[in-house]
>>> print(open('input38.cif').read())   # mmCIF, C-alpha atoms
data_input
loop_
_atom_site.label_atom_id
_atom_site.label_comp_id
_atom_site.auth_asym_id
_atom_site.auth_seq_id
_atom_site.Cartn_x
_atom_site.Cartn_y
_atom_site.Cartn_z
CA MET D 1 86.61 101.41 58.59
CA ALA D 2 86.10 98.22 56.64
CA LYS D 3 89.24 96.14 56.69
CA PRO D 4 89.66 93.55 53.96
CA GLU D 5 90.62 90.25 55.51
CA GLN D 6 93.95 88.86 54.48
CA ASP D 7 95.36 85.40 54.65
CA ARG D 8 98.91 84.95 55.84
CA LEU D 9 100.27 85.64 52.39
CA GLY D 10 98.55 89.00 52.42
CA LEU D 11 95.89 88.06 49.89
CA PRO D 12 92.88 90.31 50.02
CA SER D 13 89.67 88.35 50.38
CA GLY D 14 86.02 89.02 51.08
CA GLN D 15 84.56 91.96 49.21
CA ASP D 16 87.72 92.44 47.21
CA ALA D 17 88.13 88.76 46.37
CA LYS D 18 87.19 89.36 42.74
CA LEU D 19 90.29 91.45 42.33
CA SER D 20 92.88 88.77 42.97
CA ARG D 21 96.36 89.24 44.32
CA ALA D 22 97.55 88.10 40.90
CA SER D 23 95.62 90.99 39.28
CA VAL D 24 97.04 93.49 41.73
CA GLY D 25 100.52 92.09 41.07
CA ARG D 26 99.95 92.51 37.35
CA PHE D 27 98.71 96.10 37.90
CA SER D 28 102.18 96.84 39.24
CA LEU D 29 103.79 95.19 36.23
CA TYR D 30 101.50 97.00 33.76
CA LEU D 31 102.36 100.24 35.48
CA ARG D 32 106.10 99.57 35.26
CA HIS D 33 105.84 98.69 31.57
CA LEU D 34 103.67 101.72 30.78
CA GLU D 35 106.02 104.05 32.57
CA ARG D 36 108.78 102.75 30.33
CA LEU D 37 106.60 103.18 27.21
CA ARG D 38 105.66 106.68 28.20
CA LEU D 39 109.31 107.62 28.42
CA ASP D 40 109.45 106.54 24.78
CA GLY D 41 106.53 108.85 23.96
CA THR D 42 104.01 106.14 23.06
CA PRO D 43 100.51 107.66 23.22
CA THR D 44 98.47 104.45 23.19
CA VAL D 45 99.01 100.81 24.01
CA SER D 46 96.98 97.74 23.07
CA SER D 47 96.10 94.79 25.28
CA GLY D 48 98.15 92.65 22.88
CA GLN D 49 101.26 94.79 23.41
CA LEU D 50 100.85 94.69 27.19
CA GLY D 51 100.20 90.94 27.06
CA ASP D 52 103.32 90.33 24.95
CA ALA D 53 105.45 92.41 27.28
CA LEU D 54 104.23 90.54 30.37
CA GLY D 55 103.92 87.10 28.82
CA ILE D 56 100.16 86.79 29.36
CA THR D 57 97.14 86.68 27.03
CA ASP D 58 95.51 89.87 25.78
CA ALA D 59 92.20 88.52 27.13
CA GLN D 60 93.71 88.50 30.63
CA VAL D 61 94.99 92.04 30.12
CA ARG D 62 91.54 93.26 29.06
CA LYS D 63 89.93 91.48 32.03
CA ASP D 64 92.40 93.07 34.47
CA LEU D 65 92.10 96.55 33.00
CA ALA D 66 88.30 96.38 32.97
CA TYR D 67 88.55 96.88 36.76
CA LEU D 68 89.75 100.39 36.02
CA GLY D 69 86.69 101.40 33.99
CA ASN D 70 86.18 101.75 30.27
CA LEU D 71 89.53 103.12 29.19
CA GLY D 72 90.15 100.98 26.11
CA GLN D 73 88.92 101.83 22.64
CA PRO D 74 88.51 99.03 20.07
CA GLY D 75 91.11 99.26 17.31
CA ILE D 76 93.01 102.03 19.11
CA GLY D 77 93.93 100.64 22.50
CA TYR D 78 94.38 102.36 25.84
CA PRO D 79 95.63 105.93 26.16
CA ALA D 80 98.92 105.46 28.02
CA PRO D 81 98.84 108.57 30.29
CA GLU D 82 95.24 107.90 31.41
CA LEU D 83 95.96 104.22 31.98
CA ILE D 84 99.03 105.08 34.08
CA GLN D 85 96.98 107.50 36.14
CA ALA D 86 94.17 104.98 36.62
CA LEU D 87 96.61 102.23 37.66
CA ARG D 88 98.42 104.53 40.09
CA GLN D 89 95.09 105.59 41.57
CA ARG D 90 93.83 102.02 41.84
CA LEU D 91 97.04 100.87 43.50
CA GLY D 92 97.03 103.86 45.81
CA VAL D 93 100.41 105.06 44.54
CA ASP D 94 99.19 108.34 43.05
CA ARG D 95 100.68 109.89 46.17
CA THR D 96 103.79 109.52 48.31
CA TRP D 97 103.97 106.82 50.97
CA LYS D 98 106.48 107.36 53.72
CA VAL D 99 108.28 104.20 54.74
CA VAL D 100 110.51 103.31 57.68
CA VAL D 101 112.79 100.29 57.87
CA VAL D 102 113.62 98.44 61.07
CA GLY D 103 116.77 96.33 61.04
CA VAL D 104 119.72 97.75 59.16
CA GLY D 105 121.31 94.61 57.74
CA ASN D 106 122.08 93.43 54.22
CA LEU D 107 118.42 93.20 53.27
CA ALA D 108 117.70 96.78 54.34
CA ARG D 109 120.74 97.99 52.38
CA ALA D 110 119.55 96.05 49.34
CA LEU D 111 116.11 97.65 49.67
CA LEU D 112 117.49 101.16 49.99
CA ARG D 113 119.53 100.71 46.84
CA TYR D 114 116.67 99.17 44.94
CA ARG D 115 115.94 101.42 42.03
CA GLY D 116 112.62 102.99 41.32
CA PHE D 117 111.00 103.08 44.76
CA GLU D 118 110.98 106.86 44.86
CA ARG D 119 109.59 107.15 41.33
CA GLN D 120 106.87 104.71 42.34
CA GLY D 121 105.72 106.82 45.23
CA PHE D 122 107.68 105.34 48.13
CA ARG D 123 109.96 107.47 50.22
CA PHE D 124 112.16 105.96 52.92
CA VAL D 125 112.22 108.47 55.77
CA ALA D 126 114.01 106.71 58.63
CA LEU D 127 115.94 103.61 59.62
CA PHE D 128 115.96 101.93 63.03
CA ASP D 129 118.24 99.41 64.61
CA ALA D 130 118.61 98.00 68.09
CA GLU D 131 122.39 97.80 67.79
CA ARG D 132 124.11 100.78 69.39
CA SER D 133 127.03 100.68 66.94
CA LYS D 134 124.67 101.32 64.03
CA VAL D 135 122.70 104.16 65.64
CA GLY D 136 123.76 107.54 64.28
CA GLN D 137 125.18 106.10 61.05
CA GLU D 138 123.92 107.38 57.72
CA ILE D 139 123.03 104.95 54.94
CA ASP D 140 122.21 106.38 51.54
CA GLY D 141 121.52 109.71 53.21
CA LEU D 142 119.19 108.23 55.83
CA LYS D 143 119.90 108.38 59.54
CA VAL D 144 119.80 105.25 61.69
CA TYR D 145 117.85 105.80 64.93
CA GLY D 146 117.72 103.60 67.99
CA THR D 147 114.54 101.58 68.43
CA ALA D 148 113.70 103.70 71.48
CA ASP D 149 113.08 106.62 69.09
CA MET D 150 110.62 104.74 66.88
CA ALA D 151 107.42 106.25 68.24
CA ALA D 152 108.68 109.84 68.13
CA VAL D 153 110.30 109.66 64.68
CA ILE D 154 107.42 107.79 63.03
CA LYS D 155 104.88 110.25 64.39
CA GLU D 156 106.95 113.25 63.42
CA GLN D 157 107.48 111.90 59.89
CA HIS D 158 103.89 110.64 59.51
CA ALA D 159 105.26 107.35 58.21
CA GLU D 160 102.52 104.92 57.22
CA LEU D 161 104.43 101.83 56.10
CA GLY D 162 107.06 99.86 58.00
CA VAL D 163 109.51 97.28 56.69
CA VAL D 164 110.47 94.58 59.19
CA ALA D 165 113.96 93.36 58.31
CA VAL D 166 115.08 92.02 61.67
CA PRO D 167 115.79 88.41 62.69
CA ALA D 168 112.67 86.31 63.35
CA PRO D 169 112.85 86.35 67.18
CA ALA D 170 112.68 90.18 67.20
CA ALA D 171 110.02 90.58 64.51
CA GLN D 172 106.85 90.56 66.61
CA GLU D 173 108.20 93.07 69.13
CA VAL D 174 109.33 95.40 66.36
CA THR D 175 105.97 95.04 64.63
CA ASP D 176 104.09 95.86 67.82
CA ALA D 177 106.21 98.99 68.23
CA LEU D 178 105.59 100.05 64.61
CA VAL D 179 101.85 99.59 65.02
CA ALA D 180 101.84 101.44 68.35
CA ALA D 181 103.60 104.33 66.61
CA GLY D 182 100.84 104.53 63.99
CA VAL D 183 102.16 102.49 61.06
CA GLU D 184 99.28 101.07 59.02
CA GLY D 185 101.05 98.52 56.84
CA ILE D 186 103.89 96.08 57.46
CA LEU D 187 106.17 94.55 54.84
CA ASN D 188 107.66 91.59 56.68
CA PHE D 189 110.84 89.82 55.64
CA ALA D 190 111.35 87.91 58.88
CA PRO D 191 110.58 84.21 58.44
CA THR D 192 107.91 84.18 61.11
CA LEU D 193 104.17 84.68 61.43
CA LEU D 194 103.16 88.09 62.72
CA ARG D 195 100.07 88.92 64.72
CA LEU D 196 98.54 92.23 63.75
CA PRO D 197 95.54 94.12 65.09
CA PRO D 198 92.58 94.73 62.76
CA GLY D 199 93.13 97.67 60.45
CA VAL D 200 96.83 97.02 59.91
CA SER D 201 97.80 95.41 56.60
CA LEU D 202 100.52 92.85 56.09
CA VAL D 203 102.52 91.61 53.14
CA SER D 204 105.05 88.93 53.99
CA VAL D 205 107.99 88.01 51.81
CA ASP D 206 109.51 84.81 53.10
CA LEU D 207 112.56 84.13 50.97
CA ALA D 208 112.63 80.45 51.93
CA VAL D 209 109.00 80.10 50.83
CA GLN D 210 109.88 81.66 47.46
CA LEU D 211 112.72 79.19 47.00
CA GLU D 212 110.41 76.33 48.01
CA GLN D 213 107.83 77.46 45.45
CA LEU D 214 110.53 77.40 42.80
CA ALA D 215 111.68 73.92 43.87
CA PHE D 216 108.05 72.81 43.70
CA LEU D 217 107.67 74.08 40.12
CA VAL D 218 110.92 72.42 39.01
CA HIS D 219 109.89 69.24 40.83
CA LEU D 220 106.58 69.27 38.90
CA THR D 221 108.41 69.73 35.61
CA GLN D 222 110.90 66.99 36.36
CA ASN D 223 108.09 64.63 37.21
CA GLY D 224 105.94 65.45 34.20
CA GLY D 225 103.27 67.41 36.05
CA VAL D 226 101.23 66.44 39.09
CA MET X 1 107.97 66.52 29.92
CA ALA X 2 104.79 68.34 30.74
CA LYS X 3 105.60 71.86 31.85
CA PRO X 4 103.02 73.69 33.89
CA GLU X 5 102.50 77.09 32.40
CA GLN X 6 103.24 80.01 34.62
CA ASP X 7 102.13 83.56 34.55
CA ARG X 8 104.69 86.26 35.20
CA LEU X 9 104.27 85.92 38.93
CA GLY X 10 105.21 82.26 38.69
CA LEU X 11 101.72 80.96 39.36
CA PRO X 12 101.22 77.42 38.17
CA SER X 13 98.19 77.11 35.94
CA GLY X 14 96.60 74.49 33.73
CA GLN X 15 96.60 70.98 35.11
CA ASP X 16 97.86 72.13 38.46
CA ALA X 17 95.49 75.07 38.71
CA LYS X 18 93.46 73.37 41.46
CA LEU X 19 96.46 73.53 43.73
CA SER X 20 96.81 77.29 43.96
CA ARG X 21 99.94 79.25 44.61
CA ALA X 22 98.32 80.23 47.90
CA SER X 23 98.02 76.54 48.87
CA VAL X 24 101.63 75.88 47.93
CA GLY X 25 102.68 78.91 49.94
CA ARG X 26 100.72 77.58 52.91
CA PHE X 27 102.35 74.12 52.48
CA SER X 28 105.66 75.87 53.18
CA LEU X 29 104.22 77.58 56.24
CA TYR X 30 102.62 74.35 57.56
CA LEU X 31 105.97 72.65 57.09
CA ARG X 32 107.82 75.34 58.99
CA HIS X 33 105.32 75.22 61.87
CA LEU X 34 105.36 71.42 62.01
CA GLU X 35 109.13 71.33 62.08
CA ARG X 36 108.97 73.60 65.10
CA LEU X 37 106.34 71.40 66.76
CA ARG X 38 108.36 68.28 66.11
CA LEU X 39 111.32 69.80 67.89
CA ASP X 40 108.99 70.06 70.85
CA GLY X 41 108.12 66.36 70.54
CA THR X 42 104.45 66.81 69.59
CA PRO X 43 103.23 63.55 67.99
CA THR X 44 100.00 64.81 66.42
CA VAL X 45 98.56 68.13 65.33
CA SER X 46 94.97 69.15 64.59
CA SER X 47 93.74 71.31 61.73
CA GLY X 48 92.57 73.77 64.40
CA GLN X 49 96.08 74.06 65.87
CA LEU X 50 97.62 74.58 62.44
CA GLY X 51 94.93 77.10 61.54
CA ASP X 52 95.46 79.05 64.76
CA ALA X 53 99.21 79.14 64.20
CA LEU X 54 98.83 80.41 60.65
CA GLY X 55 95.81 82.63 61.18
CA ILE X 56 93.51 80.73 58.82
CA THR X 57 90.39 78.60 59.30
CA ASP X 58 90.67 74.91 60.12
CA ALA X 59 88.42 74.21 57.11
CA GLN X 60 91.08 75.77 54.86
CA VAL X 61 93.77 73.68 56.57
CA ARG X 62 91.79 70.48 56.01
CA LYS X 63 91.18 71.42 52.37
CA ASP X 64 94.87 72.12 51.77
CA LEU X 65 96.05 68.96 53.50
CA ALA X 66 93.53 66.80 51.61
CA TYR X 67 95.85 67.25 48.60
CA LEU X 68 98.35 65.10 50.46
CA GLY X 69 96.02 62.11 50.87
CA ASN X 70 94.10 60.84 53.87
CA LEU X 71 96.50 61.59 56.66
CA GLY X 72 94.12 63.07 59.22
CA GLN X 73 92.14 61.02 61.74
CA PRO X 74 88.95 62.49 63.20
CA GLY X 75 89.36 63.36 66.87
CA ILE X 76 93.11 62.69 66.78
CA GLY X 77 94.52 64.93 64.09
CA TYR X 78 97.46 64.48 61.77
CA PRO X 79 100.54 62.50 62.75
CA ALA X 80 103.27 65.17 62.70
CA PRO X 81 106.19 63.13 61.29
CA GLU X 82 104.08 61.67 58.45
CA LEU X 83 102.59 65.07 57.65
CA ILE X 84 106.07 66.63 57.52
CA GLN X 85 107.26 63.88 55.21
CA ALA X 86 104.19 64.25 52.94
CA LEU X 87 104.60 68.05 52.76
CA ARG X 88 108.31 67.77 51.99
CA GLN X 89 107.58 65.21 49.30
CA ARG X 90 104.77 67.29 47.80
CA LEU X 91 106.92 70.41 47.75
CA GLY X 92 109.85 68.49 46.31
CA VAL X 93 112.06 69.35 49.28
CA ASP X 94 112.54 65.79 50.55
CA ARG X 95 115.97 66.03 48.89
CA THR X 96 118.75 68.58 48.55
CA TRP X 97 118.53 71.29 45.87
CA LYS X 98 121.80 72.86 44.88
CA VAL X 99 121.55 76.59 44.34
CA VAL X 100 123.89 79.14 42.77
CA VAL X 101 123.61 82.89 43.22
CA VAL X 102 124.61 85.41 40.55
CA GLY X 103 125.31 88.93 41.76
CA VAL X 104 127.11 89.24 45.08
CA GLY X 105 125.54 92.38 46.51
CA ASN X 106 123.57 93.12 49.65
CA LEU X 107 120.65 90.94 48.61
CA ALA X 108 122.87 87.91 48.01
CA ARG X 109 124.54 88.44 51.37
CA ALA X 110 121.13 88.66 53.02
CA LEU X 111 120.06 85.42 51.33
CA LEU X 112 123.20 83.57 52.37
CA ARG X 113 122.67 84.58 55.97
CA TYR X 114 119.00 83.73 55.92
CA ARG X 115 118.44 80.99 58.46
CA GLY X 116 116.97 77.63 57.70
CA PHE X 117 117.67 77.24 53.97
CA GLU X 118 119.98 74.28 54.54
CA ARG X 119 117.54 72.59 56.91
CA GLN X 120 114.84 73.04 54.26
CA GLY X 121 116.82 71.24 51.61
CA PHE X 122 118.60 74.13 49.86
CA ARG X 123 122.36 74.20 49.59
CA PHE X 124 124.16 77.18 48.12
CA VAL X 125 127.10 75.78 46.18
CA ALA X 126 128.60 78.74 44.30
CA LEU X 127 128.45 82.50 43.86
CA PHE X 128 129.15 84.42 40.68
CA ASP X 129 129.86 88.06 40.01
CA ALA X 130 130.98 90.03 36.98
CA GLU X 131 133.09 92.38 39.08
CA ARG X 132 136.75 91.35 39.11
CA SER X 133 137.33 92.73 42.60
CA LYS X 134 134.77 90.28 44.04
CA VAL X 135 136.01 87.19 42.21
CA GLY X 136 138.03 84.91 44.48
CA GLN X 137 136.47 86.31 47.68
CA GLU X 138 134.81 83.96 50.12
CA ILE X 139 131.41 84.82 51.60
CA ASP X 140 130.07 82.59 54.34
CA GLY X 141 132.45 79.87 53.18
CA LEU X 142 131.39 80.12 49.52
CA LYS X 143 133.76 81.11 46.76
CA VAL X 144 132.88 83.88 44.31
CA TYR X 145 133.58 82.88 40.71
CA GLY X 146 133.69 85.08 37.63
CA THR X 147 130.70 84.82 35.30
CA ALA X 148 132.96 83.22 32.67
CA ASP X 149 133.10 80.14 34.93
CA MET X 150 129.33 79.75 35.26
CA ALA X 151 128.90 76.89 32.78
CA ALA X 152 131.79 74.81 34.15
CA VAL X 153 130.99 75.31 37.86
CA ILE X 154 127.24 74.75 37.50
CA LYS X 155 127.77 71.54 35.53
CA GLU X 156 130.40 70.27 37.94
CA GLN X 157 128.18 71.01 40.93
CA HIS X 158 124.98 69.78 39.26
CA ALA X 159 123.23 72.95 40.46
CA GLU X 160 119.57 73.03 39.51
CA LEU X 161 118.39 76.38 40.85
CA GLY X 162 119.80 79.84 40.19
CA VAL X 163 119.16 83.08 42.04
CA VAL X 164 119.38 86.21 39.90
CA ALA X 165 120.42 89.09 42.16
CA VAL X 166 121.99 91.43 39.61
CA PRO X 167 120.76 94.85 38.44
CA ALA X 168 117.86 94.75 35.96
CA PRO X 169 119.90 95.51 32.80
CA ALA X 170 122.10 92.43 33.38
CA ALA X 171 119.32 90.04 34.42
CA GLN X 172 118.35 88.53 31.06
CA GLU X 173 121.93 87.83 30.05
CA VAL X 174 122.68 86.18 33.39
CA THR X 175 119.48 84.14 33.14
CA ASP X 176 120.37 82.94 29.63
CA ALA X 177 123.78 81.85 30.90
CA LEU X 178 122.24 80.00 33.86
CA VAL X 179 119.79 78.20 31.58
CA ALA X 180 122.54 77.34 29.06
CA ALA X 181 124.52 75.83 31.94
CA GLY X 182 121.62 73.55 32.84
CA VAL X 183 119.79 75.41 35.62
CA GLU X 184 116.10 74.43 35.68
CA GLY X 185 114.64 77.07 37.96
CA ILE X 186 115.27 80.79 38.38
CA LEU X 187 114.51 82.87 41.47
CA ASN X 188 114.58 86.41 40.10
CA PHE X 189 115.01 89.50 42.25
CA ALA X 190 115.78 91.89 39.39
CA PRO X 191 112.85 94.25 38.71
CA THR X 192 112.46 93.15 35.11
CA LEU X 193 110.56 90.58 33.10
CA LEU X 194 112.62 87.55 32.12
CA ARG X 195 112.14 85.41 29.03
CA LEU X 196 112.68 81.74 29.70
CA PRO X 197 112.59 78.71 27.42
CA PRO X 198 109.92 76.06 28.06
CA GLY X 199 110.90 73.65 30.81
CA VAL X 200 112.58 76.28 32.98
CA SER X 201 110.59 77.52 35.98
CA LEU X 202 110.52 81.04 37.30
CA VAL X 203 109.60 82.68 40.57
CA SER X 204 110.02 86.44 40.63
CA VAL X 205 110.26 88.51 43.77
CA ASP X 206 109.93 92.15 42.84
CA LEU X 207 110.38 94.11 46.04
CA ALA X 208 108.70 97.21 44.58
CA VAL X 209 105.66 95.10 43.66
CA GLN X 210 105.49 93.81 47.24
CA LEU X 211 105.58 97.36 48.58
CA GLU X 212 102.90 98.40 46.06
CA GLN X 213 100.70 95.52 47.15
CA LEU X 214 101.05 96.69 50.74
CA ALA X 215 100.22 100.27 49.77
CA PHE X 216 97.19 98.97 47.93
CA LEU X 217 95.94 97.08 51.01
CA VAL X 218 96.45 100.13 53.26
CA HIS X 219 94.81 102.32 50.64
CA LEU X 220 91.77 99.98 50.64
CA THR X 221 91.59 100.13 54.43
CA GLN X 222 91.91 103.92 54.54
CA ASN X 223 89.10 104.20 52.01
CA GLY X 224 86.77 101.76 53.68
CA GLY X 225 87.14 98.99 51.13
CA VAL X 226 86.76 99.03 47.36
#
>>> encode(input="input38.cif", output="structure tokens")
Amino acid sequence: MAKPEQDRLGLPSGQDAKLSRASVGRFSLYLRHLERLRLDGTPTVSSGQLGDALGITDAQVRKDLAYLGNLGQPGIGYPAPELIQALRQRLGVDRTWKVVVVGVGNLARALLRYRGFERQGFRFVALFDAERSKVGQEIDGLKVYGTADMAAVIKEQHAELGVVAVPAPAAQEVTDALVAAGVEGILNFAPTLLRLPPGVSLVSVDLAVQLEQLAFLVHLTQNGGV
Amino acid sequence: MAKPEQDRLGLPSGQDAKLSRASVGRFSLYLRHLERLRLDGTPTVSSGQLGDALGITDAQVRKDLAYLGNLGQPGIGYPAPELIQALRQRLGVDRTWKVVVVGVGNLARALLRYRGFERQGFRFVALFDAERSKVGQEIDGLKVYGTADMAAVIKEQHAELGVVAVPAPAAQEVTDALVAAGVEGILNFAPTLLRLPPGVSLVSVDLAVQLEQLAFLVHLTQNGGV
């Protein structure tokens, strides 16, 4: 199984380098916008409309969507249902992904209440926490299991993705347990670097890094560019 | 004031395109690692050590750090205190940024309890919520104000950054109010596209997009690459 290399920010590289993380991010945004349009019964959409909605040029839209094959027709645009299907297929969300969350704190609760995950093909199937007082609770209809049950529950549920929402010192141990139980992708919110075996994918969301990136952009603006 | 253009994912482009978002993200990670090292009293660090810690090549480390000037010495490495100072300066975090949060839900609570923000130059100064029952509460020592008080409190506190942690339908209105009050950078967690005037920076963290990116990487792996 060929495994695309990732840097620590989860960027695909190597053979998939042409398709940048930015493009993949935009695929998600195109998909969201199209799903909204489709609810309105729009049969086709132009690169200009998509560009306007996302605040990017129509040339960039056409370049991104060219990765999906020749779906666009000059003067008509893209057929919305086919484009949605192609985007879902390309992103791998034309199916249901079962997700478990480890660490039932505020972040996990925020995630569980985040709208649209289910519609986008993600189904949370179990929660885990090391704290005895939380085990057995139900949150948004999901049962909290002890970490000792991770292997059994993950295997039984065939969960493929795991969200790490525990404090940094516990993150590597939790990740190792998720991987041992068969999880193939980790979404990490702990502000720490995780070591993963080949074949397991990682996307890290470090909230402090996001805030630093924002400060950097404002700093640039305040100082008239670089 | 030159304003670097951003795409919807907050990527700087144009004059600052050479310094990629990935590099800026790694600056944050270098900084975090160096701050840890410094606590251990390490005077110098090599590109190899930094690369090992972050899981990237030492060539990439040297390339990234070259943006900071000629700090490295062959055979010796980089002096840790100077490198920390240069990274903090480059990221604009060699000062304190005052931050307000709008929307006091689980995500806001998670953010407030996130370790290390203060040490990294971010100080939360006020919380806002539209819900009357939350106004007047204190969370981690911070008072929750009503949204009607945004302009006055933000001006009084000289807050420059605003975190949008409200549901999607309220996000644009909240953002407009933040900008009107003088906020220069928005960290957006609402799964919606925000319109911002020139001169205001945006970093968006769409948790569904992050999960989709992870699914995409796993999907690639399961299918033996592209």
>>> resolve_selection(input="input38.cif", expression="the PyMOL selection byres ((chain X and resi 48-59) around 10)", output="list in words")
Gln6, Asp7, Arg8, Leu9, Thr192, Leu193, Leu194 and Arg195 of chain D; Arg26, Leu29, Tyr30, His33, Leu34, Val45, Ser46, Ser47, Gln60, Val61, Arg62, Lys63, Asp64, Leu65 and Gly77 of chain X
>>> atom_distance(input="input38.cif", atom1="CA of Ala190 in chain D", atom2="CA of Gln222 in chain X")
25.6 Å
>>> closest_residue(input="input38.cif", among="X:Val174, X:Leu107, X:Glu118, X:Arg113", to="Val205 in chain X", atoms="all atoms listed in the file")
X:Leu107
>>> atom_distance(input="input38.cif", atom1="CA of Glu184 in chain X", atom2="CA of Ala86 in chain X")
23.3 Å
>>> resolve_selection(input="input38.cif", expression="the PyMOL selection byres ((chain D and resi 163) around 8)", output="list of chain:residue names")
D:Val99, D:Val100, D:Val101, D:Val102, D:Leu161, D:Gly162, D:Val164, D:Ala165, D:Ile186, D:Leu187, D:Asn188, D:Phe189
>>> atom_distance(input="input38.cif", atom1="CA of Ala148 in chain D", atom2="CA of Val125 in chain D")
16.5 Å
>>> closest_residue(input="input38.cif", among="D:Val93, D:Ala171, D:Val179, D:Leu68", to="chain X", atoms="all atoms listed in the file")
D:Val93
>>> residues_around(input="input38.cif", residues="Gly146 in chain X", least_positions_apart="5", cutoff="7 Å", atoms="only C-alpha atoms", output="list in words")
Phe128, Asp129, Ala130 and Val135 of chain X
>>> write_last_selection(input="input38.cif", atoms="C-alpha atoms", output="compact mmCIF listing (two decimals), in the frame of the given file")
# COMPACT_ATOMS: atom_id res chain seq x y z
CA PHE X 128 129.15 84.42 40.68
CA ASP X 129 129.86 88.06 40.01
CA ALA X 130 130.98 90.03 36.98
CA VAL X 135 136.01 87.19 42.21
>>> closest_residue(input="input38.cif", among="D:Ser23, D:Gln120, D:Gln73, D:Gln213", to="Arg95 in chain D", atoms="all atoms listed in the file")
D:Gln120
>>> resolve_selection(input="input38.cif", expression="the PyMOL selection byres ((chain D and resi 104) around 12)", output="number ranges by chain")
D: 100-103, 105-112, 126-140, 142-147, 163-167; X: 106, 110
>>> closest_residue(input="input38.cif", among="D:Gly92, D:Gly182, D:Pro81, D:Gly121", to="chain X", atoms="all atoms listed in the file")
D:Gly92
